[in-house]
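In what follows, a structure is listed as structure tokens, so that the remarks can point back to it.
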Amino acid sequence: MSFDKLQAPPFRELLWRGFFSENPVFRLALSLCPAVAVTNSVKNGLMMGLAVWAVQVLSSLTIAIFRNFIHDKVRIPIYTIVIAVWVTAMDMTLAALAPKIYSEIGLYIKLIVAFAIIISRLELFASKFPLIPSVLDGFSMGLGFLFAMVLIGAIREVLGNGTIWGVTLIEVRPILFLVLPAGGFFTIGLLMAALNWVEKGRHV
Amino acid sequence: MSKQATLLNDHQIEVVVTKPGVPSPSEFRLTSKKDPDILIPIQEVNVIPAKEGGLLLTTGVKVDPKGSYQLIDTRTGAEWLMAPSLFGVVITVLLTAALVQNFVFTRYLGLCVFFGVSRKRETAIGMGVTFTVVGTLSGLLAWTIDRFVLHPFRLHFLQIIVFIGIVAFLVQMTDTILKKINRPLHRKFGIYVVLITTNCIILAVPLLNALNENGFWESLALAVGSGIGFALALFLMSCARERTDLAPVPSVFQGLPIAFILAGLFALAFLGFSGLKI
């Protein structure tokens, strides 16, 4: 197999990519819908992040196991079906375990199936590398996404509502409109700009 | 079945009965069409003096002025059906999907494609038109399969897999047919057709239809409305982004960050529609 000659990057490199250099939300600007929609509190952001993380790892695992059996011409439909199966499983699990949060973010959990980030990791990584690196890649990318979700959620909840994880932190609500729908766009835009600024400083 | 019963607001019903006298509240049966088993309590019955046989019923709980209800007078067995007109429902769903709850600016769906193709006005229009057409087709196909296959056989858990399959199938089909019958059109719109699969609005519409148990016309209205809303958002955004490309934006904000800020401003503006009562 010519594929196996490709050297998989070490875990540390993969983690760095998932968190910073190729962060799904801030860098690749993929899977933005949930990043804006469900991050008005840390709890929702964490739950969404965990769901995506689990789907990413499990789909990477499945594709990495079966990568030698999947014909090149039908690979995209197969990726979609695999993701849809895991999303269905995750959808049912969350509906049973956390019905209250599920009632708020249920639609977005179902829509994980259309996330470009998951399918792009399968196409770019899991279909080419063996089991262990693929799972680690899915792990880091999912973690990067989770990190972004929690970060945005925390900023919006603290500044918009004065609370964190539902616990009151400050009595006033400094920037109330951040919990409003539009706040998500502003938070992500400013965070992206901040990341650009940090990286510029690093290279100078 | 007479139609002389109307919902005045969320707790009052005006009805004209044939039998004289003031009936007690318990002699009326009011049920919602959605849950025909649950009786809605009626608190009091008052006579409207100006109208012969006119009665004003006050319900104990709030009712939805836009919902469908059935009222039965148990003394005579007369039935009244109160339902909003189909046209009204369709227009409401359409305007809600396009403006009040715009899929991009208030529900945040389809953002990847939204930020991807809103750089130029021309591509924005192409994507908007293509999406509206394919989205309507997929919404209707998904509704048909959901109603006549998934629903009768209790296969709800397969919804996600079936809907994504329908979308993939339809996108492929549109692409192939367009290529065969109209080459110039395919050259112009083909790339957008392929991009549609990554747009989560196209999946959200059938899921929302299934969740709300929408009928055919409502599903059609939601599909068309979401397409119009998406096209509108894309067009507005592309007009604004063409200008920011020429403006002296700080270097760290160039590209996506400023686009996000712009989208935030649009979302704030669209918040104004939430006061719109339809």
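By convention here, the chains of the structure tokens are called A, B, ... in the order presented, each chain's residues are numbered starting at 1, and ligands are numbered starting at 1 in the order presented.
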Discussion item. Applying 6 Å and only C-alpha atoms, which residues near segment 68-78 of chain B remain after dropping the ones on its own chain fewer than 6 positions away? List them as a PyMOL selection string.
Written reply: chain B and resi 27-33
Item to complete: Could you list the residues in chain A lying within 8 Å of chain B, using only C-alpha atoms, and format the result as an MDAnalysis selection string?
Response: chainID A and resid 29:34 36:37 77 80:81 84:85 88 107 110:111 113:116 181:186 188:190 192:194 196:197
Discussion item. At a cut-off of 7 Å, using only C-alpha atoms, what residues contact segment 216-232 of chain B? Leave out same-chain residues fewer than 5 positions from it and give the result as a PyMOL selection string.
Written reply: chain B and resi 90+93-95+97-99+102-104+125+128-129+131-132+135-136+139-140+205+209
Item to complete: Write out as number ranges by chain each polymer residue whose atoms come within 8 Å of Pro84 of chain B, counting only C-alpha atoms; drop sequence neighbours fewer than 5 positions from it.
Response: B: 66-68, 89
Discussion item. Which of segment 9-137 of chain A end up as helix (DSSP H, G or I) when DSSP is run on this backbone - answer as a ChimeraX atom specification?
Written reply: /A:11-21,32-37,42-69,72-97,99-114,116-126,131-137
